[in-house]
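One file, query_35.tsv, is given below (TSV, N, CA, C and O atoms).
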chain	number	residue	atom	x	y	z
B	1	MET	N	52.97	30.48	-63.75
B	1	MET	CA	53.33	29.39	-62.87
B	1	MET	C	54.14	29.97	-61.71
B	1	MET	O	55.10	30.70	-61.92
B	2	SER	N	53.75	29.67	-60.48
B	2	SER	CA	54.54	30.13	-59.33
B	2	SER	C	55.70	29.17	-59.09
B	2	SER	O	55.60	27.97	-59.34
B	3	HIS	N	56.81	29.74	-58.66
B	3	HIS	CA	58.03	28.97	-58.45
B	3	HIS	C	58.54	29.28	-57.05
B	3	HIS	O	58.79	30.44	-56.72
B	4	ILE	N	58.69	28.26	-56.23
B	4	ILE	CA	59.12	28.40	-54.84
B	4	ILE	C	60.50	27.79	-54.71
B	4	ILE	O	60.76	26.69	-55.21
B	5	LEU	N	61.40	28.49	-54.01
B	5	LEU	CA	62.73	27.96	-53.73
B	5	LEU	C	62.87	27.75	-52.23
B	5	LEU	O	62.65	28.67	-51.44
B	6	ILE	N	63.20	26.54	-51.84
B	6	ILE	CA	63.50	26.21	-50.45
B	6	ILE	C	65.02	26.04	-50.36
B	6	ILE	O	65.60	25.26	-51.10
B	7	VAL	N	65.65	26.80	-49.46
B	7	VAL	CA	67.10	26.74	-49.28
B	7	VAL	C	67.38	26.09	-47.93
B	7	VAL	O	66.78	26.46	-46.92
B	8	SER	N	68.28	25.12	-47.93
B	8	SER	CA	68.64	24.43	-46.69
B	8	SER	C	70.10	24.01	-46.77
B	8	SER	O	70.60	23.69	-47.84
B	9	ALA	N	70.75	24.02	-45.64
B	9	ALA	CA	72.15	23.61	-45.60
B	9	ALA	C	72.31	22.12	-45.86
B	9	ALA	O	73.22	21.70	-46.57
B	10	THR	N	71.42	21.33	-45.29
B	10	THR	CA	71.52	19.87	-45.42
B	10	THR	C	70.17	19.27	-45.81
B	10	THR	O	69.12	19.82	-45.46
B	11	PRO	N	70.18	18.13	-46.48
B	11	PRO	CA	68.92	17.47	-46.81
B	11	PRO	C	68.14	17.05	-45.56
B	11	PRO	O	66.92	17.03	-45.56
B	12	PHE	N	68.86	16.71	-44.49
B	12	PHE	CA	68.21	16.27	-43.25
B	12	PHE	C	67.23	17.32	-42.72
B	12	PHE	O	66.17	16.99	-42.20
B	13	GLU	N	67.58	18.61	-42.88
B	13	GLU	CA	66.75	19.69	-42.35
B	13	GLU	C	65.42	19.85	-43.09
B	13	GLU	O	64.49	20.44	-42.55
B	14	VAL	N	65.32	19.33	-44.29
B	14	VAL	CA	64.08	19.42	-45.06
B	14	VAL	C	63.61	18.03	-45.51
B	14	VAL	O	62.89	17.89	-46.51
B	15	LYS	N	64.00	17.02	-44.77
B	15	LYS	CA	63.69	15.64	-45.13
B	15	LYS	C	62.20	15.38	-45.38
B	15	LYS	O	61.85	14.75	-46.38
B	16	PRO	N	61.28	15.86	-44.53
B	16	PRO	CA	59.86	15.61	-44.81
B	16	PRO	C	59.40	16.20	-46.15
B	16	PRO	O	58.61	15.58	-46.86
B	17	LEU	N	59.91	17.36	-46.50
B	17	LEU	CA	59.57	17.99	-47.78
B	17	LEU	C	60.10	17.16	-48.94
B	17	LEU	O	59.38	16.91	-49.92
B	18	LEU	N	61.33	16.73	-48.84
B	18	LEU	CA	61.93	15.90	-49.88
B	18	LEU	C	61.15	14.62	-50.08
B	18	LEU	O	60.90	14.19	-51.22
B	19	GLU	N	60.76	13.99	-48.98
B	19	GLU	CA	59.99	12.74	-49.06
B	19	GLU	C	58.62	12.97	-49.67
B	19	GLU	O	58.16	12.19	-50.49
B	20	LYS	N	57.95	14.05	-49.25
B	20	LYS	CA	56.60	14.33	-49.74
B	20	LYS	C	56.57	14.48	-51.26
B	20	LYS	O	55.65	14.01	-51.93
B	21	TYR	N	57.58	15.14	-51.83
B	21	TYR	CA	57.60	15.39	-53.27
B	21	TYR	C	58.58	14.48	-54.02
B	21	TYR	O	58.91	14.75	-55.17
B	22	SER	N	59.02	13.41	-53.38
B	22	SER	CA	59.90	12.40	-53.99
B	22	SER	C	61.13	13.02	-54.65
B	22	SER	O	61.49	12.67	-55.76
B	23	ILE	N	61.76	13.95	-53.92
B	23	ILE	CA	62.98	14.58	-54.42
B	23	ILE	C	64.16	13.80	-53.84
B	23	ILE	O	64.30	13.67	-52.64
B	24	ILE	N	65.00	13.29	-54.72
B	24	ILE	CA	66.17	12.53	-54.30
B	24	ILE	C	67.38	13.45	-54.38
B	24	ILE	O	67.72	13.96	-55.45
B	25	VAL	N	68.03	13.67	-53.24
B	25	VAL	CA	69.18	14.56	-53.15
B	25	VAL	C	70.44	13.71	-53.06
B	25	VAL	O	70.55	12.84	-52.22
B	26	THR	N	71.38	14.00	-53.95
B	26	THR	CA	72.62	13.24	-53.98
B	26	THR	C	73.82	14.06	-53.50
B	26	THR	O	74.93	13.55	-53.44
B	27	GLY	N	73.63	15.31	-53.21
B	27	GLY	CA	74.72	16.18	-52.76
B	27	GLY	C	74.27	17.63	-52.77
B	27	GLY	O	73.08	17.92	-52.73
B	28	GLU	N	75.21	18.55	-52.84
B	28	GLU	CA	74.87	19.96	-52.90
B	28	GLU	C	74.27	20.28	-54.26
B	28	GLU	O	74.51	19.59	-55.23
B	29	GLY	N	73.50	21.36	-54.32
B	29	GLY	CA	72.98	21.82	-55.59
B	29	GLY	C	71.49	22.00	-55.60
B	29	GLY	O	70.83	21.97	-54.56
B	30	LEU	N	70.95	22.19	-56.79
B	30	LEU	CA	69.54	22.52	-56.99
B	30	LEU	C	68.78	21.29	-57.47
B	30	LEU	O	69.21	20.61	-58.41
B	31	TYR	N	67.67	21.01	-56.83
B	31	TYR	CA	66.80	19.89	-57.18
B	31	TYR	C	65.41	20.44	-57.43
B	31	TYR	O	64.94	21.31	-56.70
B	32	LYS	N	64.73	19.93	-58.46
B	32	LYS	CA	63.44	20.49	-58.85
B	32	LYS	C	62.34	19.44	-58.83
B	32	LYS	O	62.59	18.26	-59.07
B	33	ALA	N	61.12	19.92	-58.57
B	33	ALA	CA	59.95	19.05	-58.60
B	33	ALA	C	58.74	19.88	-59.00
B	33	ALA	O	58.68	21.08	-58.72
B	34	MET	N	57.79	19.25	-59.65
B	34	MET	CA	56.53	19.91	-59.97
B	34	MET	C	55.53	19.52	-58.89
B	34	MET	O	55.33	18.34	-58.62
B	35	ILE	N	54.92	20.52	-58.26
B	35	ILE	CA	53.90	20.25	-57.26
B	35	ILE	C	52.57	20.05	-57.96
B	35	ILE	O	51.79	19.17	-57.62
B	36	SER	N	52.30	20.89	-58.94
B	36	SER	CA	51.09	20.79	-59.74
B	36	SER	C	51.39	21.47	-61.07
B	36	SER	O	52.50	21.93	-61.30
B	37	GLU	N	50.39	21.55	-61.93
B	37	GLU	CA	50.59	22.21	-63.21
B	37	GLU	C	50.91	23.69	-63.04
B	37	GLU	O	51.52	24.30	-63.90
B	38	LYS	N	50.50	24.26	-61.90
B	38	LYS	CA	50.68	25.70	-61.67
B	38	LYS	C	51.78	26.03	-60.67
B	38	LYS	O	52.08	27.19	-60.45
B	39	LYS	N	52.38	25.02	-60.05
B	39	LYS	CA	53.39	25.27	-59.02
B	39	LYS	C	54.63	24.43	-59.24
B	39	LYS	O	54.54	23.22	-59.44
B	40	LYS	N	55.76	25.10	-59.17
B	40	LYS	CA	57.04	24.44	-59.32
B	40	LYS	C	57.83	24.65	-58.03
B	40	LYS	O	57.82	25.74	-57.46
B	41	LEU	N	58.52	23.63	-57.58
B	41	LEU	CA	59.30	23.68	-56.34
B	41	LEU	C	60.75	23.36	-56.66
B	41	LEU	O	61.04	22.39	-57.35
B	42	SER	N	61.65	24.20	-56.14
B	42	SER	CA	63.08	23.90	-56.23
B	42	SER	C	63.63	23.87	-54.83
B	42	SER	O	63.24	24.67	-53.98
B	43	VAL	N	64.54	22.94	-54.59
B	43	VAL	CA	65.20	22.82	-53.29
B	43	VAL	C	66.69	23.00	-53.55
B	43	VAL	O	67.27	22.30	-54.39
B	44	LEU	N	67.29	23.94	-52.83
B	44	LEU	CA	68.71	24.21	-52.96
B	44	LEU	C	69.41	23.77	-51.69
B	44	LEU	O	69.13	24.27	-50.61
B	45	ILE	N	70.30	22.79	-51.82
B	45	ILE	CA	71.09	22.30	-50.69
B	45	ILE	C	72.47	22.95	-50.81
B	45	ILE	O	73.16	22.78	-51.81
B	46	THR	N	72.85	23.72	-49.77
B	46	THR	CA	74.05	24.56	-49.86
B	46	THR	C	75.24	24.07	-49.06
B	46	THR	O	76.34	24.56	-49.27
B	47	ASP	N	75.05	23.18	-48.12
B	47	ASP	CA	76.03	22.80	-47.11
B	47	ASP	C	76.07	23.93	-46.07
B	47	ASP	O	75.52	24.99	-46.27
B	48	VAL	N	76.71	23.69	-44.98
B	48	VAL	CA	76.66	24.58	-43.82
B	48	VAL	C	77.52	25.82	-44.04
B	48	VAL	O	78.62	25.74	-44.58
B	49	GLY	N	77.00	26.97	-43.59
B	49	GLY	CA	77.78	28.20	-43.57
B	49	GLY	C	77.28	29.26	-44.52
B	49	GLY	O	76.69	28.98	-45.57
B	50	MET	N	77.53	30.51	-44.13
B	50	MET	CA	77.10	31.66	-44.93
B	50	MET	C	77.79	31.70	-46.29
B	50	MET	O	77.18	32.07	-47.28
B	51	VAL	N	79.07	31.34	-46.33
B	51	VAL	CA	79.81	31.40	-47.59
B	51	VAL	C	79.22	30.40	-48.58
B	51	VAL	O	78.99	30.73	-49.75
B	52	ASN	N	78.95	29.19	-48.14
B	52	ASN	CA	78.34	28.18	-49.02
B	52	ASN	C	76.97	28.63	-49.49
B	52	ASN	O	76.63	28.47	-50.67
B	53	THR	N	76.18	29.18	-48.59
B	53	THR	CA	74.84	29.64	-48.95
B	53	THR	C	74.94	30.76	-49.98
B	53	THR	O	74.23	30.75	-51.00
B	54	ALA	N	75.81	31.74	-49.75
B	54	ALA	CA	75.98	32.85	-50.70
B	54	ALA	C	76.44	32.34	-52.07
B	54	ALA	O	75.94	32.79	-53.11
B	55	TYR	N	77.37	31.41	-52.07
B	55	TYR	CA	77.88	30.86	-53.32
B	55	TYR	C	76.75	30.20	-54.12
B	55	TYR	O	76.56	30.48	-55.31
B	56	HIS	N	76.01	29.32	-53.48
B	56	HIS	CA	74.94	28.60	-54.18
B	56	HIS	C	73.79	29.52	-54.57
B	56	HIS	O	73.20	29.35	-55.64
B	57	MET	N	73.47	30.49	-53.73
B	57	MET	CA	72.42	31.46	-54.09
B	57	MET	C	72.84	32.26	-55.33
B	57	MET	O	72.01	32.57	-56.18
B	58	GLY	N	74.12	32.60	-55.39
B	58	GLY	CA	74.62	33.32	-56.56
B	58	GLY	C	74.48	32.51	-57.84
B	58	GLY	O	74.20	33.05	-58.91
B	59	ARG	N	74.64	31.21	-57.73
B	59	ARG	CA	74.52	30.33	-58.91
B	59	ARG	C	73.09	30.24	-59.43
B	59	ARG	O	72.87	29.97	-60.60
B	60	VAL	N	72.10	30.45	-58.56
B	60	VAL	CA	70.70	30.35	-59.00
B	60	VAL	C	70.02	31.71	-59.08
B	60	VAL	O	68.82	31.79	-59.30
B	61	SER	N	70.79	32.79	-58.93
B	61	SER	CA	70.20	34.13	-58.86
B	61	SER	C	69.55	34.59	-60.15
B	61	SER	O	68.74	35.51	-60.14
B	62	GLU	N	69.86	33.95	-61.27
B	62	GLU	CA	69.24	34.35	-62.53
B	62	GLU	C	67.81	33.83	-62.65
B	62	GLU	O	67.03	34.34	-63.44
B	63	SER	N	67.46	32.83	-61.88
B	63	SER	CA	66.10	32.29	-61.89
B	63	SER	C	65.18	33.21	-61.11
B	63	SER	O	65.59	33.90	-60.19
B	64	ARG	N	63.92	33.20	-61.48
B	64	ARG	CA	62.90	34.01	-60.79
B	64	ARG	C	62.07	33.12	-59.90
B	64	ARG	O	61.55	32.10	-60.34
B	65	TYR	N	61.97	33.51	-58.63
B	65	TYR	CA	61.19	32.76	-57.66
B	65	TYR	C	60.15	33.69	-57.04
B	65	TYR	O	60.45	34.84	-56.75
B	66	GLU	N	58.95	33.16	-56.84
B	66	GLU	CA	57.91	33.95	-56.17
B	66	GLU	C	58.20	34.01	-54.67
B	66	GLU	O	57.98	35.04	-54.03
B	67	TYR	N	58.69	32.90	-54.13
B	67	TYR	CA	59.04	32.83	-52.71
B	67	TYR	C	60.38	32.13	-52.56
B	67	TYR	O	60.65	31.16	-53.26
B	68	VAL	N	61.19	32.62	-51.63
B	68	VAL	CA	62.44	31.97	-51.26
B	68	VAL	C	62.39	31.79	-49.75
B	68	VAL	O	62.23	32.75	-49.00
B	69	ILE	N	62.51	30.54	-49.31
B	69	ILE	CA	62.39	30.22	-47.88
B	69	ILE	C	63.65	29.49	-47.44
B	69	ILE	O	64.03	28.49	-48.04
B	70	ASN	N	64.31	30.02	-46.41
B	70	ASN	CA	65.46	29.35	-45.82
B	70	ASN	C	64.93	28.46	-44.70
B	70	ASN	O	64.38	28.96	-43.71
B	71	ALA	N	65.06	27.17	-44.87
B	71	ALA	CA	64.49	26.22	-43.91
B	71	ALA	C	65.58	25.42	-43.24
B	71	ALA	O	66.59	25.09	-43.85
B	72	GLY	N	65.37	25.11	-41.99
B	72	GLY	CA	66.33	24.30	-41.25
B	72	GLY	C	66.62	24.96	-39.93
B	72	GLY	O	65.84	25.77	-39.44
B	73	ILE	N	67.76	24.63	-39.36
B	73	ILE	CA	68.09	25.23	-38.06
B	73	ILE	C	68.65	26.64	-38.23
B	73	ILE	O	68.72	27.39	-37.27
B	74	CYS	N	69.03	26.98	-39.45
B	74	CYS	CA	69.46	28.35	-39.79
B	74	CYS	C	70.47	28.90	-38.80
B	74	CYS	O	70.35	30.02	-38.31
B	75	SER	N	71.44	28.09	-38.47
B	75	SER	CA	72.56	28.46	-37.59
B	75	SER	C	72.18	28.71	-36.14
B	75	SER	O	72.88	29.39	-35.41
B	76	THR	N	71.06	28.20	-35.72
B	76	THR	CA	70.70	28.36	-34.31
B	76	THR	C	70.75	27.02	-33.60
B	76	THR	O	70.31	26.01	-34.12
B	77	PHE	N	71.33	27.03	-32.44
B	77	PHE	CA	71.37	25.84	-31.61
B	77	PHE	C	70.75	26.14	-30.25
B	77	PHE	O	70.98	25.44	-29.29
B	78	LYS	N	69.97	27.20	-30.18
B	78	LYS	CA	69.33	27.61	-28.93
B	78	LYS	C	68.24	26.61	-28.56
B	78	LYS	O	67.49	26.15	-29.41
B	79	ASN	N	68.13	26.30	-27.30
B	79	ASN	CA	67.13	25.35	-26.83
B	79	ASN	C	65.74	25.95	-26.71
B	79	ASN	O	64.77	25.22	-26.57
B	80	HIS	N	65.61	27.27	-26.76
B	80	HIS	CA	64.28	27.86	-26.58
B	80	HIS	C	63.44	27.86	-27.86
B	80	HIS	O	62.29	28.22	-27.83
B	81	HIS	N	64.01	27.43	-28.99
B	81	HIS	CA	63.21	27.26	-30.20
B	81	HIS	C	62.81	25.79	-30.30
B	81	HIS	O	63.58	24.90	-29.99
B	82	HIS	N	61.59	25.57	-30.75
B	82	HIS	CA	61.06	24.21	-30.84
B	82	HIS	C	60.98	23.76	-32.30
B	82	HIS	O	60.77	24.59	-33.19
B	83	ILE	N	61.09	22.48	-32.55
B	83	ILE	CA	60.98	21.94	-33.90
B	83	ILE	C	59.63	22.34	-34.48
B	83	ILE	O	58.59	22.19	-33.84
B	84	GLY	N	59.66	22.86	-35.69
B	84	GLY	CA	58.44	23.29	-36.37
B	84	GLY	C	58.06	24.73	-36.11
B	84	GLY	O	57.17	25.27	-36.75
B	85	GLU	N	58.74	25.37	-35.18
B	85	GLU	CA	58.45	26.76	-34.85
B	85	GLU	C	58.97	27.67	-35.97
B	85	GLU	O	60.05	27.47	-36.50
B	86	VAL	N	58.18	28.66	-36.34
B	86	VAL	CA	58.57	29.61	-37.38
B	86	VAL	C	59.11	30.86	-36.70
B	86	VAL	O	58.51	31.40	-35.79
B	87	VAL	N	60.28	31.30	-37.17
B	87	VAL	CA	60.88	32.52	-36.64
B	87	VAL	C	61.19	33.46	-37.79
B	87	VAL	O	61.38	33.04	-38.93
B	88	ARG	N	61.24	34.75	-37.48
B	88	ARG	CA	61.63	35.76	-38.46
B	88	ARG	C	62.94	36.36	-37.98
B	88	ARG	O	63.00	36.95	-36.91
B	89	VAL	N	63.96	36.22	-38.78
B	89	VAL	CA	65.27	36.75	-38.40
B	89	VAL	C	65.31	38.22	-38.81
B	89	VAL	O	65.09	38.56	-39.97
B	90	THR	N	65.60	39.08	-37.83
B	90	THR	CA	65.65	40.52	-38.11
B	90	THR	C	67.07	41.04	-38.15
B	90	THR	O	67.33	42.09	-38.72
B	91	GLN	N	67.97	40.34	-37.53
B	91	GLN	CA	69.40	40.64	-37.60
B	91	GLN	C	70.14	39.44	-37.08
B	91	GLN	O	69.57	38.60	-36.39
B	92	ILE	N	71.41	39.36	-37.43
B	92	ILE	CA	72.20	38.22	-36.96
B	92	ILE	C	72.23	38.24	-35.44
B	92	ILE	O	72.50	39.25	-34.82
B	93	GLY	N	71.88	37.10	-34.86
B	93	GLY	CA	71.85	37.00	-33.41
B	93	GLY	C	70.48	37.22	-32.81
B	93	GLY	O	70.28	37.02	-31.62
B	94	ARG	N	69.47	37.64	-33.62
B	94	ARG	CA	68.12	37.87	-33.10
B	94	ARG	C	67.07	37.26	-34.01
B	94	ARG	O	67.09	37.48	-35.20
B	95	ALA	N	66.16	36.57	-33.41
B	95	ALA	CA	65.02	36.03	-34.16
B	95	ALA	C	63.77	36.27	-33.34
B	95	ALA	O	63.79	36.12	-32.12
B	96	HIS	N	62.70	36.65	-34.01
B	96	HIS	CA	61.42	36.87	-33.35
B	96	HIS	C	60.49	35.71	-33.66
B	96	HIS	O	60.34	35.32	-34.80
B	97	VAL	N	59.87	35.18	-32.64
B	97	VAL	CA	58.94	34.07	-32.80
B	97	VAL	C	57.59	34.61	-33.15
B	97	VAL	O	57.15	35.62	-32.69
Turn the structure described in the file into structure tokens.
Amino acid sequence: MSHILIVSATPFEVKPLLEKYSIIVTGEGLYKAMISEKKKLSVLITDVGMVNTAYHMGRVSESRYEYVINAGICSTFKNHHHIGEVVRVTQIGRAHV
């Protein structure tokens, strides 16, 4: 069974995903859903900031995930990125489209 982890600071940043899989988020922490018999989805809401993200990632580090995706604004407020655009972060302060 493949297991995907989506990490986001706030539920708002992954709202369409939460709605699609009927995941109800009540605060910070890990929320799980089955996509199919062969796919499991977990959503980790960390709150804003690197320290919060590191703390929550440490709490789930014993689990095995096939993919881990950090979704949301990922600390960028630049106007040259568009909603839905995928970027690859290569170092703090730089992202490649």
Exercise for the section: Could you give me, as a ChimeraX atom specification, each residue of chain B that DSSP assigns to helix (DSSP H, G or I) when run on this structure's backbone? Expected result: /B:11-20,50-59
Fill in the blank from the handout: Pairwise distance, atom O of Ser2 in chain B with CA of His82 in chain B, equals 29.3 Å
Local residues around (71.6, 18.4, -46.8), at most 7 Å away, using only N, CA, C and O atoms, as a CSV table (one decimal) with N, CA, C and O atoms, keeping the file's coordinate frame:
chain,number,residue,atom,x,y,z
B,8,SER,N,68.3,25.1,-47.9
B,8,SER,CA,68.6,24.4,-46.7
B,8,SER,C,70.1,24.0,-46.8
B,8,SER,O,70.6,23.7,-47.8
B,9,ALA,N,70.8,24.0,-45.6
B,9,ALA,CA,72.2,23.6,-45.6
B,9,ALA,C,72.3,22.1,-45.9
B,9,ALA,O,73.2,21.7,-46.6
B,10,THR,N,71.4,21.3,-45.3
B,10,THR,CA,71.5,19.9,-45.4
B,10,THR,C,70.2,19.3,-45.8
B,10,THR,O,69.1,19.8,-45.5
B,11,PRO,N,70.2,18.1,-46.5
B,11,PRO,CA,68.9,17.5,-46.8
B,11,PRO,C,68.1,17.0,-45.6
B,11,PRO,O,66.9,17.0,-45.6
B,12,PHE,N,68.9,16.7,-44.5
B,12,PHE,CA,68.2,16.3,-43.2
B,12,PHE,C,67.2,17.3,-42.7
B,12,PHE,O,66.2,17.0,-42.2
B,13,GLU,N,67.6,18.6,-42.9
B,13,GLU,CA,66.8,19.7,-42.4
B,13,GLU,C,65.4,19.8,-43.1
B,13,GLU,O,64.5,20.4,-42.6
B,14,VAL,N,65.3,19.3,-44.3
B,14,VAL,CA,64.1,19.4,-45.1
B,14,VAL,C,63.6,18.0,-45.5
B,14,VAL,O,62.9,17.9,-46.5
B,27,GLY,N,73.6,15.3,-53.2
B,27,GLY,CA,74.7,16.2,-52.8
B,27,GLY,C,74.3,17.6,-52.8
B,27,GLY,O,73.1,17.9,-52.7
B,45,ILE,N,70.3,22.8,-51.8
B,45,ILE,CA,71.1,22.3,-50.7
B,45,ILE,C,72.5,23.0,-50.8
B,45,ILE,O,73.2,22.8,-51.8
B,46,THR,N,72.8,23.7,-49.8
B,46,THR,CA,74.0,24.6,-49.9
B,46,THR,C,75.2,24.1,-49.1
B,46,THR,O,76.3,24.6,-49.3
B,47,ASP,N,75.0,23.2,-48.1
B,47,ASP,CA,76.0,22.8,-47.1
B,47,ASP,C,76.1,23.9,-46.1
B,47,ASP,O,75.5,25.0,-46.3
To box range 16-32 of chain B, take all atoms listed in the file, fit an axis-aligned box, add 5 Å on each side, and give centre and edge lengths in Å to one decimal, as lines of an AutoDock Vina configuration file.
center_x = 65.4
center_y = 17.4
center_z = -51.8
size_x = 29.6
size_y = 20.3
size_z = 24.5
Practice task
Counting only N, CA, C and O atoms, note down every residue that has an atom within 8 Å of the point (67.6, 19.8, -55.3) (file coordinates), as a PyMOL selection string.
Solution key: chain B and resi 6+23-33+41-45
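Distance-wise, atom O of Thr53 in chain B and CA of Tyr65 in chain B end up 14.8 Å apart.
Between atom N of His3 in chain B and CA of Met57 in chain B the separation is 16.4 Å.
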Exercise for the section: List every residue of chain B that DSSP, applied to the backbone, labels as strand (DSSP E or B), and write the result as JSON, numbers by chain. Expected result: {"B": [2, 3, 4, 5, 6, 7, 8, 29, 30, 31, 32, 33, 34, 35, 36, 39, 40, 41, 42, 43, 44, 45, 67, 68, 69, 70, 88, 89, 90, 91, 94, 95, 96]}
Just want the 5 Å neighbourhood of Ile69 in chain B, counted on only N, CA, C and O atoms, with same-chain residues fewer than 2 positions away dropped. Output as a PDB file with N, CA, C and O atoms, keeping the file's coordinate frame.
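See part_2.pdb below for the written result:
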ATOM      1  N   LEU B   5      61.400  28.490 -54.010  1.00  0.00           N
ATOM      2  CA  LEU B   5      62.730  27.960 -53.730  1.00  0.00           C
ATOM      3  C   LEU B   5      62.870  27.750 -52.230  1.00  0.00           C
ATOM      4  O   LEU B   5      62.650  28.670 -51.440  1.00  0.00           O
ATOM      5  N   ILE B   6      63.200  26.540 -51.840  1.00  0.00           N
ATOM      6  CA  ILE B   6      63.500  26.210 -50.450  1.00  0.00           C
ATOM      7  C   ILE B   6      65.020  26.040 -50.360  1.00  0.00           C
ATOM      8  O   ILE B   6      65.600  25.260 -51.100  1.00  0.00           O
ATOM      9  N   VAL B   7      65.650  26.800 -49.460  1.00  0.00           N
ATOM     10  CA  VAL B   7      67.100  26.740 -49.280  1.00  0.00           C
ATOM     11  C   VAL B   7      67.380  26.090 -47.930  1.00  0.00           C
ATOM     12  O   VAL B   7      66.780  26.460 -46.920  1.00  0.00           O
ATOM     13  N   TYR B  67      58.690  32.900 -54.130  1.00  0.00           N
ATOM     14  CA  TYR B  67      59.040  32.830 -52.710  1.00  0.00           C
ATOM     15  C   TYR B  67      60.380  32.130 -52.560  1.00  0.00           C
ATOM     16  O   TYR B  67      60.650  31.160 -53.260  1.00  0.00           O
ATOM     17  N   ALA B  71      65.060  27.170 -44.870  1.00  0.00           N
ATOM     18  CA  ALA B  71      64.490  26.220 -43.910  1.00  0.00           C
ATOM     19  C   ALA B  71      65.580  25.420 -43.240  1.00  0.00           C
ATOM     20  O   ALA B  71      66.590  25.090 -43.850  1.00  0.00           O
TER      21      ALA B  71
END
